[in-house]
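First up is the structure itself, then whatever we jot down about it.
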Number of protein chains: 2
Amino acid sequence: MRPTAPVRIFTAAAAVHTLAGPDGPRSGAAMAELGTIPHGAVVVDDTGAIAWVGATSDLPASFADAEIIDCTGKTLMPAFVDAHTHLVWGGDRKDELEMRIAGADYERIFATGGGILSSVRQTRAIDDDTLYAQSLVRIERMRRAGTTTFEIKSGYGLELAAELRQLRVARRLGADFRVRTTCLAAHAVPAEARVSAAARAAFIESICAEILPAVARANLADFADVFCDRGAFDVDESRRVLLAARALGLGLRVHANELGATGGAQLAAELGAASADHLLYVGDAERTALREAGVVAILLPGTSLVLGKPYADGRAMVEAGVPVAVATDCNPGSCAFENLAMVLALACYGNRLSPAEAVCAATHNAACSLGLGDRVGSLKPGRRADLLVLDTPDVRDLVYHAGSPLVGQVWQDGLRVA
Amino acid sequence: MRPTAPVRIFTAAAAVHTLAGPDGPRSGAAMAELGTIPHGAVVVDDTGAIAWVGATSDLPASFADAEIIDCTGKTLMPAFVDAHTHLVWGGDRKDELEMRIAGADYERIFATGGGILSSVRQTRAIDDDTLYAQSLVRIERMRRAGTTTFEIKSGYGLELAAELRQLRVARRLGADFRVRTTCLAAHAVPAEARVSAAARAAFIESICAEILPAVARANLADFADVFCDRGAFDVDESRRVLLAARALGLGLRVHANELGATGGAQLAAELGAASADHLLYVGDAERTALREAGVVAILLPGTSLVLGKPYADGRAMVEAGVPVAVATDCNPGSCAFENLAMVLALACYGNRLSPAEAVCAATHNAACSLGLGDRVGSLKPGRRADLLVLDTPDVRDLVYHAGSPLVGQVWQDGLRVA
């Protein structure tokens, strides 16, 4: 650890949204409390950590030698945290996009060998360096749009070697980006395991006895995830995979209730998962279970837009006291969006979060769902200096002017990256 | 006119989407024909016009002295044309945005003095320079996102002096941006004209006999527009205003069928308007009328997203042979979106245009609706050099990766503006 000294002062911002407050994911009215300091300043030290946050008029004189970044008329806020992506994939599925617009259904495309299995074929077919290069283009665009922390899932391998390759590439991206990885070997049943019930059972057994242990041994994943839904894995199969992952020390995430009320949300609550994601089809029972278990509900409104599905009822989730996060779901099929600021706006228009709630959902709460709430997602002394300078004095413009080029500067660990 | 010489060559692009083809708005299958040249190049002369378009391998040797812009791996296409904006306004209505997300209805907000009348108060209260400065911030962001041509409506004055001021500011923006202006004095009935039927009639009379003639005399507008819908102006009132405008030599546009099937689309067809805009509530009869009259249907999917309304059925419009354009509707209340590339993606997901159709809708067809199809919206010799360099070889990424920072360079009249 180098000695710390103030090296950079972001000063005179119209507003600093610190997201300071209690540790752990926020729920209810606390989601809209952004810990805002008007006319604020943030000081970053030479280790890339935040050294001081406060009103510009209170800046200590001892910081006088630091480089000044004038933020007059601008907004300072934590950089975005994207808590649900599949961004390491091979090839693309733009043809499916055009088929869907012309009227084809996502589940039908999947059943005919398109969908996830198409990406599995394209991902298995390329080597590590090609997969890294294709993924790097995407993650760089995502960071240019304001995200510095990424959850990245596997799940386009669906066999040991290809799952390990996806996770290796994700870890390699972690050298330049803040990355948490998730083994999603239970993303879909691969073609070769669809020939019989025995082959399906053997695939699930291989996830539990072979893939997850190998992933854990190589320290390639922080979490495991299961697509618990119609056409994927049922609750018993999902529980088996998640229990195997938990025994290996992995955190748990669940693709839940995207296609129907199929039990995934309750399973996430039962196992105390870090997150339950999608949640289009939930009612009071699911919301109560998630709240009582402290599971973060991750909303993915881009996917609803792309697939023409309903938006998850984020308003009801907030009112029920469930901590809510928002993420892109960036993946080759159902939503390849990379701009989390735009998805934050969709969470307001679609999921009916308020702009302030959506900011919390895309920063602090997302970070908490990844076990990184003490590192990023808020601007407090000791946190990493991952922050955004917005070219507007009003953070609500991220919603009001959704999609506009408002993210003027992106800083990661105290260094400017965009 | 200066002598023309090739001064700049955009070369080696993965694809040049020229939108070359017949003059006039395109409909049906022609909307998806982007006139694409693989491995293409575009040459711009010193008047800011396009001098040559073709395959890079066919570039004439006589252009050898020009500045080279290497577009390897990139896409060239016409800059966007935003054919429906209200971008000159005072103040904002972000509080209403939060009220709507919390459950308030747009028409109810309007009835209680919010909505358009709130912007009227805020716009009347500021002077020309303040109005210009506030509008400039927005139009600069819009251009940074890829739009160089803008239709700008008045309609937040609703009295002679304030309508003239809005249009003067729009013309002033026209010094740096390509602007066509529209007098929308019939945007709403102002508070002072709501006291009696006589006051309402007097307001409509003042539009026809005072405001429109003054606007035409000062050459402040190219078009007139009417909000022909529930809660605004009925068909007879709208016809009266549009006929007065036509007699003054103005082109016609109509806000039609946004809130109900209230006759605006058929009125646009009856009068041969340049465009009918919104069109959420239309059936076969309206589509047939628009097609036969050659009216461009302008879809505004951002507004549907913001207000939680249905999306206009763009697919049916294309299949019925109506020429379709897409625009932001950028306005302070129902949709303050500035990024037409993102709205183009919404037109695919919401209105169900294909990516290629949406590109035509946001360039050539939009230009035609403004009478500018022979100037911008396509890349042909003689057209103005308003073009985009996309940081991707595949234009469908504007939809697939909606919202991503893909517009790498924006050129207007042969000069780089972003």
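Just so we're on the same page: first chain in the structure tokens is A, next is B, and so on; residues restart at 1 for each chain, and ligands are numbered from 1 in the order they show up.
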So that each row is one residue of chain A with an atom at most 10 Å from chain B, can you give its shortest atom pair and the distance in Å to one decimal, using only C-alpha atoms, rows by chain and rising number, as CSV?
```
residue,atom,partner,partner_atom,distance
A:Asp92,CA,B:Tyr400,CA,9.5
A:Arg93,CA,B:Tyr400,CA,8.9
A:Lys94,CA,B:Tyr400,CA,6.7
A:Asp95,CA,B:Arg396,CA,9.7
A:Leu97,CA,B:Tyr400,CA,7.5
A:Glu98,CA,B:Ser354,CA,6.3
A:Met99,CA,B:Ser354,CA,9.1
A:Arg100,CA,B:Arg352,CA,9.1
A:Ile101,CA,B:Arg352,CA,5.5
A:Ala102,CA,B:Arg352,CA,7.3
A:Gly103,CA,B:Arg352,CA,8.7
A:Arg138,CA,B:His401,CA,9.3
A:Arg141,CA,B:Pro405,CA,6.5
A:Met142,CA,B:Ser404,CA,7.4
A:Arg144,CA,B:Pro405,CA,7.4
A:Ala145,CA,B:Pro405,CA,7.0
A:Gly302,CA,B:Ala402,CA,9.5
A:Ser304,CA,B:Tyr349,CA,9.8
A:Leu305,CA,B:Tyr349,CA,6.5
A:Val306,CA,B:Tyr349,CA,5.6
A:Leu307,CA,B:Tyr349,CA,7.7
A:Gly308,CA,B:Tyr349,CA,7.1
A:Arg315,CA,B:Ala102,CA,8.4
A:Cys330,CA,B:His401,CA,8.9
A:Asn331,CA,B:His401,CA,10.0
A:Pro332,CA,B:Tyr400,CA,8.7
A:Gly333,CA,B:Tyr400,CA,9.1
A:Ser334,CA,B:Tyr400,CA,9.6
A:Cys335,CA,B:Tyr400,CA,7.4
A:Ala336,CA,B:His401,CA,5.3
A:Phe337,CA,B:His401,CA,4.7
A:Glu338,CA,B:Ser404,CA,5.9
A:Asn339,CA,B:Ser404,CA,5.5
A:Leu340,CA,B:Gly403,CA,8.9
A:Ala341,CA,B:Gly403,CA,8.8
A:Met342,CA,B:Gly403,CA,6.4
A:Val343,CA,B:Gly403,CA,8.8
A:Ala345,CA,B:Val306,CA,9.5
A:Leu346,CA,B:Leu305,CA,8.4
A:Cys348,CA,B:Ile101,CA,6.9
A:Tyr349,CA,B:Val306,CA,5.6
A:Gly350,CA,B:Gly308,CA,7.6
A:Asn351,CA,B:Ile101,CA,9.1
A:Arg352,CA,B:Ile101,CA,5.5
A:Leu353,CA,B:Ile101,CA,7.1
A:Ser354,CA,B:Glu98,CA,6.3
A:Pro355,CA,B:Glu98,CA,7.5
A:Ala356,CA,B:Glu98,CA,9.7
A:Asp394,CA,B:Lys94,CA,9.8
A:Arg396,CA,B:Lys94,CA,7.5
A:Asp397,CA,B:Lys94,CA,8.3
A:Val399,CA,B:Phe337,CA,8.9
A:Tyr400,CA,B:Ala336,CA,5.8
A:His401,CA,B:Phe337,CA,4.7
A:Ala402,CA,B:Phe337,CA,5.8
A:Gly403,CA,B:Asn339,CA,5.8
A:Ser404,CA,B:Asn339,CA,5.5
A:Pro405,CA,B:Arg141,CA,6.5
A:Leu406,CA,B:Arg141,CA,8.3
```
Q: Skip segment 18-33 of chain A itself and residues of its chain fewer than 4 positions away, then list as a list in words all residues within 6 Å of it, counting only C-alpha atoms.
A: Val318, Glu319, Gly321, Val322, Pro323, Ala356, Glu357, Cys360, Asn365, Cys368, Ser378 and Leu379 of chain A
(Q) Please extract the residues of segment 32-277 of chain A with a backbone DSSP assignment of alpha helix (DSSP H) and present them as a VMD selection string. (A) chain A and resid 94 to 101 106 to 111 116 to 124 128 to 144 160 to 173 197 to 206 212 to 217 235 to 247 264 to 270
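Distance check against Leu370 of chain A using only C-alpha atoms: of A:Ala312, A:Val179, A:Ala289, A:Ile204, the minimum falls on A:Val179.
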(Q) Restricting the calculation to only C-alpha atoms: of A:Ala362, A:Val88, A:Ala198, A:Ile126, which residue gets closest to Val169 of chain A? (A) A:Val88
Q) How would you write, as a ChimeraX atom specification, the set of residues in segment 261-344 of chain A that DSSP gives as strand (DSSP E)? A) /A:275-278,296-299,324-326
Q | Spatial neighbours of His84 of chain A, max dist 6 Å, only C-alpha atoms, sep filter under 6 positions, as a PyMOL selection string | A | chain A and resi 151+327+329
Q. Hey, what's within 9 Å of Asp222 of chain B if we count only C-alpha atoms and toss same-chain stuff fewer than 4 positions away? As a PyMOL selection string, please?
A. chain B and resi 180-183+216+249-252+370
Could the residues in this selection be written to a file with C-alpha atoms, as a PDB file, in the first residue's frame?
```pdb
ATOM      1  CA  ARG B 180     -36.897  24.006 -40.795  1.00  0.00           C
ATOM      2  CA  THR B 181     -39.452  25.809 -38.660  1.00  0.00           C
ATOM      3  CA  THR B 182     -43.118  25.148 -38.020  1.00  0.00           C
ATOM      4  CA  CYS B 183     -45.705  27.467 -36.491  1.00  0.00           C
ATOM      5  CA  ALA B 216     -45.529  34.324 -42.850  1.00  0.00           C
ATOM      6  CA  GLY B 249     -47.958  29.450 -48.632  1.00  0.00           C
ATOM      7  CA  LEU B 250     -46.958  27.356 -45.631  1.00  0.00           C
ATOM      8  CA  GLY B 251     -46.574  23.583 -45.783  1.00  0.00           C
ATOM      9  CA  LEU B 252     -48.782  21.551 -43.470  1.00  0.00           C
ATOM     10  CA  LEU B 370     -39.422  18.485 -44.655  1.00  0.00           C
TER      11      LEU B 370
END
```
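Nearest to Arg287 of chain B of all the residues B:Gln409, B:Thr112, B:Thr147, B:Gln266 is B:Gln266, based on only C-alpha atoms.
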Q: Extract, using only C-alpha atoms, all DNA, RNA and protein residues at most 8 Å from segment 157-163 of chain A, discarding same-chain residues fewer than 5 positions from it, and format them as a VMD selection string.
A: chain A and resid 120 123 to 124 183 185 to 190 210 to 211
Q. Separation of atom CA of His255 of chain A and atom CA of Ala170 of chain A, in Å?
A. 19.5 Å
Q | Selection: 10 Å around Thr288 of chain B, only C-alpha atoms, excl. self and same-chain fewer than 3 positions, as an MDAnalysis selection string | A | chainID B and resid 266 269 283:285 291:294 317 320:322
If you keep N, CA, C and O atoms, can you produce a file of those selected residues as a compact mmCIF listing (two decimals), in the first residue's frame?
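Writing the result to selection-v4.txt gives the following:
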```
# COMPACT_ATOMS: atom_id res chain seq x y z
N GLN B 266 -57.07 11.58 -41.17
CA GLN B 266 -57.85 11.81 -42.39
C GLN B 266 -57.82 13.27 -42.82
O GLN B 266 -57.78 13.57 -44.01
N ALA B 269 -54.66 13.77 -44.70
CA ALA B 269 -54.78 13.24 -46.06
C ALA B 269 -55.63 14.17 -46.93
O ALA B 269 -55.27 14.47 -48.07
N GLY B 283 -56.50 2.85 -38.16
CA GLY B 283 -56.86 1.56 -38.74
C GLY B 283 -56.64 1.60 -40.24
O GLY B 283 -55.96 2.49 -40.78
N ASP B 284 -57.23 0.64 -40.93
CA ASP B 284 -57.03 0.53 -42.38
C ASP B 284 -57.46 1.80 -43.11
O ASP B 284 -56.82 2.22 -44.07
N ALA B 285 -58.57 2.41 -42.65
CA ALA B 285 -59.08 3.58 -43.36
C ALA B 285 -58.06 4.71 -43.33
O ALA B 285 -57.79 5.35 -44.37
N ARG B 291 -51.70 6.83 -47.45
CA ARG B 291 -50.96 6.32 -48.61
C ARG B 291 -51.40 7.04 -49.87
O ARG B 291 -50.58 7.52 -50.66
N GLU B 292 -52.72 7.13 -50.07
CA GLU B 292 -53.22 7.71 -51.32
C GLU B 292 -52.87 9.18 -51.44
O GLU B 292 -52.68 9.69 -52.54
N ALA B 293 -52.76 9.86 -50.30
CA ALA B 293 -52.43 11.29 -50.32
C ALA B 293 -50.93 11.55 -50.28
O ALA B 293 -50.49 12.70 -50.38
N GLY B 294 -50.13 10.48 -50.12
CA GLY B 294 -48.68 10.67 -50.08
C GLY B 294 -48.18 11.38 -48.84
O GLY B 294 -47.13 12.02 -48.85
N MET B 317 -48.10 0.07 -40.99
CA MET B 317 -47.96 1.27 -41.83
C MET B 317 -47.08 0.95 -43.04
O MET B 317 -47.41 1.30 -44.18
N ALA B 320 -48.85 -1.34 -45.39
CA ALA B 320 -49.92 -0.67 -46.13
C ALA B 320 -49.39 0.30 -47.18
O ALA B 320 -50.17 0.94 -47.89
N GLY B 321 -48.06 0.43 -47.25
CA GLY B 321 -47.50 1.29 -48.29
C GLY B 321 -47.42 2.76 -47.94
O GLY B 321 -47.21 3.60 -48.82
N VAL B 322 -47.57 3.08 -46.66
CA VAL B 322 -47.43 4.48 -46.22
C VAL B 322 -45.95 4.77 -45.99
O VAL B 322 -45.28 3.99 -45.30
```
(Q) Give me, as number ranges by chain, all polymer residues having an atom no more than 8 Å from Leu299 of chain B, counting only C-alpha atoms and skipping those fewer than 3 positions away in the same chain. (A) B: 277-279, 312, 314, 324-327, 347, 351
Output all heavy atoms for every residue in the selection just made, as a CSV table (one decimal), in the first residue's frame.
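Output contents, as saved in again-v7.csv:
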```
chain,number,residue,atom,x,y,z
B,277,ASP,N,-48.4,13.0,-37.7
B,277,ASP,CA,-47.5,12.6,-36.7
B,277,ASP,C,-48.1,12.0,-35.5
B,277,ASP,O,-49.2,12.4,-35.1
B,277,ASP,CB,-46.6,13.8,-36.3
B,277,ASP,CG,-46.0,14.6,-37.4
B,277,ASP,OD1,-46.6,14.8,-38.5
B,277,ASP,OD2,-44.8,15.0,-37.3
B,278,HIS,N,-47.5,11.0,-34.9
B,278,HIS,CA,-48.0,10.2,-33.7
B,278,HIS,C,-48.7,9.0,-34.2
B,278,HIS,O,-48.1,7.9,-34.2
B,278,HIS,CB,-48.8,11.0,-32.7
B,278,HIS,CG,-48.1,12.0,-31.9
B,278,HIS,ND1,-47.2,11.6,-30.9
B,278,HIS,CD2,-48.1,13.3,-31.9
B,278,HIS,CE1,-46.7,12.6,-30.3
B,278,HIS,NE2,-47.2,13.7,-30.9
B,279,LEU,N,-50.0,9.1,-34.5
B,279,LEU,CA,-50.7,8.0,-35.2
B,279,LEU,C,-50.8,6.7,-34.4
B,279,LEU,O,-50.6,5.6,-34.9
B,279,LEU,CB,-50.1,7.7,-36.6
B,279,LEU,CG,-50.0,8.9,-37.5
B,279,LEU,CD1,-49.2,8.6,-38.7
B,279,LEU,CD2,-51.5,9.3,-37.9
B,312,ALA,N,-47.3,3.1,-31.9
B,312,ALA,CA,-48.0,3.1,-33.2
B,312,ALA,C,-47.5,1.9,-34.0
B,312,ALA,O,-46.4,1.4,-33.9
B,312,ALA,CB,-47.6,4.4,-34.0
B,314,GLY,N,-46.1,0.6,-36.6
B,314,GLY,CA,-45.3,1.0,-37.8
B,314,GLY,C,-45.2,-0.2,-38.8
B,314,GLY,O,-45.2,0.1,-40.0
B,324,VAL,N,-42.9,6.0,-44.1
B,324,VAL,CA,-42.8,6.2,-42.6
B,324,VAL,C,-41.5,6.9,-42.3
B,324,VAL,O,-40.4,6.6,-42.8
B,324,VAL,CB,-42.8,4.8,-41.9
B,324,VAL,CG1,-42.5,5.0,-40.4
B,324,VAL,CG2,-44.2,4.2,-42.1
B,325,ALA,N,-41.6,7.9,-41.4
B,325,ALA,CA,-40.4,8.5,-40.8
B,325,ALA,C,-40.4,8.3,-39.3
B,325,ALA,O,-41.5,8.0,-38.7
B,325,ALA,CB,-40.4,10.0,-41.1
B,326,VAL,N,-39.3,8.6,-38.6
B,326,VAL,CA,-39.2,8.5,-37.2
B,326,VAL,C,-38.5,9.7,-36.6
B,326,VAL,O,-37.6,10.2,-37.2
B,326,VAL,CB,-38.4,7.2,-36.8
B,326,VAL,CG1,-38.0,7.2,-35.3
B,326,VAL,CG2,-39.1,5.9,-37.2
B,327,ALA,N,-39.0,10.2,-35.5
B,327,ALA,CA,-38.5,11.5,-35.0
B,327,ALA,C,-38.5,11.4,-33.4
B,327,ALA,O,-39.2,10.5,-32.9
B,327,ALA,CB,-39.3,12.7,-35.5
B,347,ALA,N,-38.1,2.5,-32.5
B,347,ALA,CA,-39.0,2.3,-33.6
B,347,ALA,C,-38.9,0.9,-34.1
B,347,ALA,O,-39.9,0.3,-34.6
B,347,ALA,CB,-38.6,3.2,-34.8
B,351,ASN,N,-42.3,0.1,-32.6
B,351,ASN,CA,-43.2,0.2,-33.8
B,351,ASN,C,-43.0,-0.9,-34.7
B,351,ASN,O,-43.6,-1.0,-35.8
B,351,ASN,CB,-42.9,1.5,-34.5
B,351,ASN,CG,-43.0,2.8,-33.6
B,351,ASN,OD1,-42.0,3.5,-33.4
B,351,ASN,ND2,-44.1,3.0,-33.1
```
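For the pair atom CA of Ala366 of chain A and atom CA of Val235 of chain A, the interatomic distance is 25.1 Å.
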